[in-house]
$ cat my_file24.tsv   # TSV, C-alpha atoms
chain	number	residue	atom	x	y	z
A	5	MET	CA	87.24	45.55	129.07
A	6	GLY	CA	85.76	45.21	132.53
A	7	ALA	CA	82.83	42.99	131.57
A	8	HIS	CA	82.16	42.02	135.19
A	9	ARG	CA	83.09	45.31	136.85
A	10	GLN	CA	80.67	47.64	138.59
A	11	PRO	CA	78.33	49.61	136.25
A	12	TRP	CA	80.17	52.86	137.03
A	13	TYR	CA	83.52	51.44	135.88
A	14	SER	CA	84.64	53.25	132.72
A	15	ARG	CA	81.41	55.24	132.88
A	16	GLY	CA	79.90	52.11	131.29
A	17	ILE	CA	81.74	52.76	128.02
A	18	ARG	CA	83.84	49.59	127.94
A	19	GLN	CA	80.84	47.45	128.84
A	20	ALA	CA	78.79	49.14	126.07
A	21	VAL	CA	81.53	48.43	123.52
A	22	LEU	CA	81.80	44.83	124.67
A	23	ARG	CA	78.02	44.36	124.51
A	24	ALA	CA	77.72	45.99	121.06
A	25	ALA	CA	80.62	43.91	119.71
A	26	ALA	CA	79.06	40.67	120.94
A	27	ASP	CA	75.46	41.51	119.99
A	28	ASN	CA	76.40	42.65	116.48
A	29	ASP	CA	79.19	40.15	115.79
A	30	TRP	CA	81.81	42.81	115.07
A	31	LYS	CA	84.53	40.18	114.86
A	32	SER	CA	83.22	38.34	111.80
A	33	ARG	CA	81.24	41.21	110.22
A	34	TYR	CA	83.85	43.97	110.52
A	35	ARG	CA	87.08	42.34	111.73
A	36	ILE	CA	86.84	44.43	114.90
A	37	TYR	CA	88.31	42.49	117.78
A	38	VAL	CA	87.44	43.35	121.37
A	39	GLY	CA	89.71	41.49	123.76
A	40	GLN	CA	89.22	40.57	127.39
A	41	GLY	CA	92.92	40.29	128.18
A	42	ASP	CA	92.79	36.51	128.15
A	43	GLY	CA	94.98	35.96	125.09
A	44	GLU	CA	92.04	35.23	122.80
A	45	LEU	CA	93.35	37.65	120.16
A	46	GLY	CA	96.68	35.86	119.85
A	47	GLY	CA	100.00	37.32	120.88
A	48	THR	CA	100.79	39.90	123.48
A	49	TYR	CA	98.93	43.14	124.14
A	50	SER	CA	101.76	45.01	122.41
A	51	GLU	CA	101.62	42.75	119.34
A	52	GLY	CA	97.86	43.24	119.11
A	53	LEU	CA	98.25	47.02	119.14
A	54	ALA	CA	101.02	46.89	116.54
A	55	ARG	CA	98.79	44.83	114.20
A	56	SER	CA	95.79	47.14	114.55
A	57	THR	CA	94.83	50.21	112.55
A	58	PHE	CA	92.46	51.59	115.20
A	59	CYS	CA	92.68	51.15	118.99
A	60	LEU	CA	89.96	51.94	121.50
A	61	VAL	CA	90.71	54.58	124.13
A	62	ALA	CA	88.10	54.45	126.87
A	63	PRO	CA	88.38	55.31	130.54
A	64	GLY	CA	88.88	52.69	133.19
A	65	ASP	CA	88.82	53.82	136.81
A	66	GLY	CA	89.95	57.20	135.47
A	67	TRP	CA	91.91	58.41	132.45
A	68	SER	CA	93.36	55.41	130.66
A	69	SER	CA	96.91	54.97	129.37
A	70	ARG	CA	95.39	53.32	126.29
A	71	ALA	CA	95.93	56.51	124.26
A	72	GLU	CA	99.65	56.46	124.89
A	73	ASP	CA	99.78	52.71	124.22
A	74	ALA	CA	97.99	53.18	120.88
A	75	VAL	CA	100.14	56.11	119.73
A	76	LEU	CA	103.40	54.38	120.69
A	77	HIS	CA	102.40	51.39	118.55
A	78	GLY	CA	101.37	53.44	115.50
A	79	CYS	CA	97.68	52.66	116.07
A	80	ILE	CA	95.09	55.42	115.54
A	81	PRO	CA	93.42	56.14	118.91
A	82	VAL	CA	89.62	55.95	118.89
A	83	VAL	CA	88.71	58.13	121.86
A	84	VAL	CA	85.31	57.44	123.46
A	85	MET	CA	85.10	59.85	126.39
A	86	ASP	CA	82.67	62.75	126.19
A	87	ARG	CA	83.76	65.99	127.87
A	88	VAL	CA	87.28	64.73	128.62
A	89	HIS	CA	90.45	66.25	127.22
A	90	ALA	CA	93.02	63.81	125.95
A	91	VAL	CA	96.58	63.98	127.23
A	92	PHE	CA	98.47	66.97	125.74
A	93	GLU	CA	95.30	68.00	123.86
A	94	SER	CA	96.05	71.66	124.54
A	95	VAL	CA	99.48	71.22	122.92
A	96	LEU	CA	98.82	68.64	120.17
A	97	ASN	CA	96.02	68.66	117.61
A	98	TRP	CA	94.46	65.26	118.30
A	99	ASP	CA	92.09	65.64	115.33
A	100	LEU	CA	95.06	65.01	113.05
A	101	PHE	CA	95.90	61.55	114.42
A	102	SER	CA	92.84	60.24	116.30
A	103	VAL	CA	89.11	59.68	116.00
A	104	ARG	CA	86.59	60.87	118.58
A	105	VAL	CA	83.36	58.97	118.93
A	106	ALA	CA	80.54	60.18	121.18
A	107	GLU	CA	79.58	57.76	123.94
A	108	ALA	CA	76.03	57.62	122.54
A	109	GLU	CA	77.46	56.47	119.17
A	110	VAL	CA	79.36	53.40	120.44
A	111	GLU	CA	77.04	50.97	118.67
A	112	ARG	CA	77.82	52.73	115.37
A	113	LEU	CA	81.57	52.38	115.84
A	114	PRO	CA	82.07	49.98	112.86
A	115	GLU	CA	80.21	52.30	110.48
A	116	ILE	CA	82.03	55.39	111.78
A	117	LEU	CA	85.43	53.78	111.27
A	118	ALA	CA	84.50	52.31	107.87
A	119	ALA	CA	83.41	55.77	106.68
A	120	ILE	CA	86.92	57.20	107.15
A	121	PRO	CA	88.53	57.33	103.70
A	122	GLU	CA	91.71	55.28	103.25
A	123	ASP	CA	93.74	58.37	102.34
A	124	LYS	CA	92.69	60.02	105.62
A	125	VAL	CA	93.69	56.88	107.54
A	126	LYS	CA	97.11	57.04	105.86
A	127	ARG	CA	97.46	60.75	106.75
A	128	MET	CA	96.54	60.01	110.37
A	129	GLN	CA	99.09	57.19	110.53
A	130	ALA	CA	101.72	59.50	109.03
A	131	ARG	CA	100.84	62.11	111.64
A	132	LEU	CA	101.29	59.49	114.38
A	133	SER	CA	104.88	59.09	113.22
A	134	LYS	CA	105.33	62.84	113.79
A	135	VAL	CA	103.93	62.92	117.36
A	136	TRP	CA	104.61	59.47	118.84
A	137	HIS	CA	107.82	60.60	120.55
A	138	ARG	CA	105.79	63.04	122.68
A	139	PHE	CA	104.20	60.01	124.38
A	140	ALA	CA	107.45	58.14	125.07
A	141	TYR	CA	109.66	58.78	128.07
A	142	ALA	CA	113.21	58.75	126.72
A	143	SER	CA	114.99	61.00	129.23
A	144	GLY	CA	117.76	59.09	130.95
A	145	GLY	CA	120.00	56.29	129.83
A	146	LEU	CA	117.85	53.27	130.72
A	147	LEU	CA	114.70	54.68	129.15
A	148	ARG	CA	116.57	55.66	126.00
A	149	ALA	CA	118.15	52.19	125.74
A	150	GLY	CA	114.75	50.52	126.12
A	151	LEU	CA	113.22	52.78	123.51
A	152	GLU	CA	116.12	52.04	121.15
A	153	ARG	CA	115.42	48.30	121.49
A	154	VAL	CA	111.74	48.84	120.63
A	155	PHE	CA	112.68	51.07	117.70
A	156	GLU	CA	114.99	48.40	116.28
A	157	GLN	CA	112.15	45.89	115.93
A	158	LYS	CA	111.26	45.41	112.27
A	159	LEU	CA	107.47	45.64	112.78
A	160	TYR	CA	107.86	48.92	114.64
A	161	ARG	CA	110.07	50.44	111.93
A	162	GLN	CA	107.41	49.55	109.35
A	163	ARG	CA	104.64	51.26	111.37
A	164	VAL	CA	106.58	54.38	112.36
A	165	PRO	CA	109.22	54.64	109.61
A	166	ASP	CA	110.68	58.11	110.16
A	167	ALA	CA	110.76	58.03	113.93
A	168	HIS	CA	114.00	58.06	115.86
A	169	PRO	CA	113.67	58.22	119.63
A	170	LEU	CA	116.85	60.12	120.32
A	171	LEU	CA	116.21	63.05	117.99
A	172	ARG	CA	112.91	64.39	119.31
A	173	ASP	CA	111.29	65.82	122.43
A	174	ASP	CA	109.92	63.07	124.64
A	175	ALA	CA	106.88	63.03	126.95
A	176	LEU	CA	108.74	64.80	129.74
A	177	ALA	CA	109.73	67.65	127.40
A	178	THR	CA	106.10	67.85	126.23
A	179	ILE	CA	104.87	68.10	129.83
A	180	LEU	CA	107.35	70.90	130.49
A	181	GLN	CA	106.24	72.72	127.32
A	182	TRP	CA	102.59	72.34	128.36
A	183	LEU	CA	103.36	73.71	131.85
A	184	HIS	CA	105.28	76.61	130.34
A	185	SER	CA	102.33	77.49	128.08
A	186	LYS	CA	99.96	77.36	131.07
A	187	ALA	CA	102.25	79.63	133.10
A	188	GLN	CA	102.45	82.14	130.24
A	189	ARG	CA	98.65	82.19	129.85
A	190	GLY	CA	98.28	82.62	133.60
A	191	ARG	CA	100.66	85.58	133.62
A	192	GLN	CA	98.88	87.19	130.68
A	193	SER	CA	95.44	86.87	132.32
A	194	HIS	CA	96.78	88.52	135.50
A	195	MET	CA	98.15	91.44	133.45
A	196	ALA	CA	94.87	92.07	131.64
$ encode --input "my_file24.tsv" --output "structure tokens"
Amino acid sequence: MGAHRQPWYSRGIRQAVLRAAADNDWKSRYRIYVGQGDGELGGTYSEGLARSTFCLVAPGDGWSSRAEDAVLHGCIPVVVMDRVHAVFESVLNWDLFSVRVAEAEVERLPEILAAIPEDKVKRMQARLSKVWHRFAYASGGLLRAGLERVFEQKLYRQRVPDAHPLLRDDALATILQWLHSKAQRGRQSHMA
């Protein structure tokens, strides 16, 4: 979380979350766990994501890979980055599988998440199973084999039940589709 980093690190977002979680006892009051990467949450980083319903996506020194990590583990990304587009946001409708929280609203994070109806949470999780493959690099034999091993894990199959890594476009295909859409828009604006 960068508790002891410079004030400009993560635009101060991670530090604000850490401070709010500690000051308001999010752990015991809301079962919201904010880790420091020291193993205090039990298990590996990957296991923690796989157990979670919501996962924080905040910048670090720049755009964070936390969004991809969350999506690949079936965890709903909670994006706290004002005026920043999420990866593939021009291609994928992030509103269907993530939550955006304004930086000024960080202290209200528990209430914001608790206000999301359970049926909407289930729809968002179902939507994650439809888009997760766009965040995984599966092109090439080694990457596909690694993804197959992850997919075979029982916990993963429970979180993302209808996903199969070999049957869908991966992150590289999504990047190429995004570039193609940009090129088409660029050509159209030059013709106008």
$ residues_around --input "my_file24.tsv" --residues "Arg112 of chain A" --least-positions-apart "5" --cutoff "10 Å" --atoms "all atoms listed in the file" --output "list of chain:residue names"
A:Val21, A:Ala24, A:Val105, A:Ala106, A:Leu117
$ atom_distance --input "my_file24.tsv" --atom1 "atom CA of Asp99 of chain A" --atom2 "atom CA of Asp73 of chain A"
17.5 Å
$ closest_residue --input "my_file24.tsv" --among "A:Asp27, A:Asp174, A:Glu109, A:Glu93" --to "Tyr141 of chain A" --atoms "all atoms listed in the file"
A:Asp174
$ closest_residue --input "my_file24.tsv" --among "A:Asp123, A:Glu115, A:Glu72, A:Glu107" --to "His137 of chain A" --atoms "all atoms listed in the file"
A:Glu72
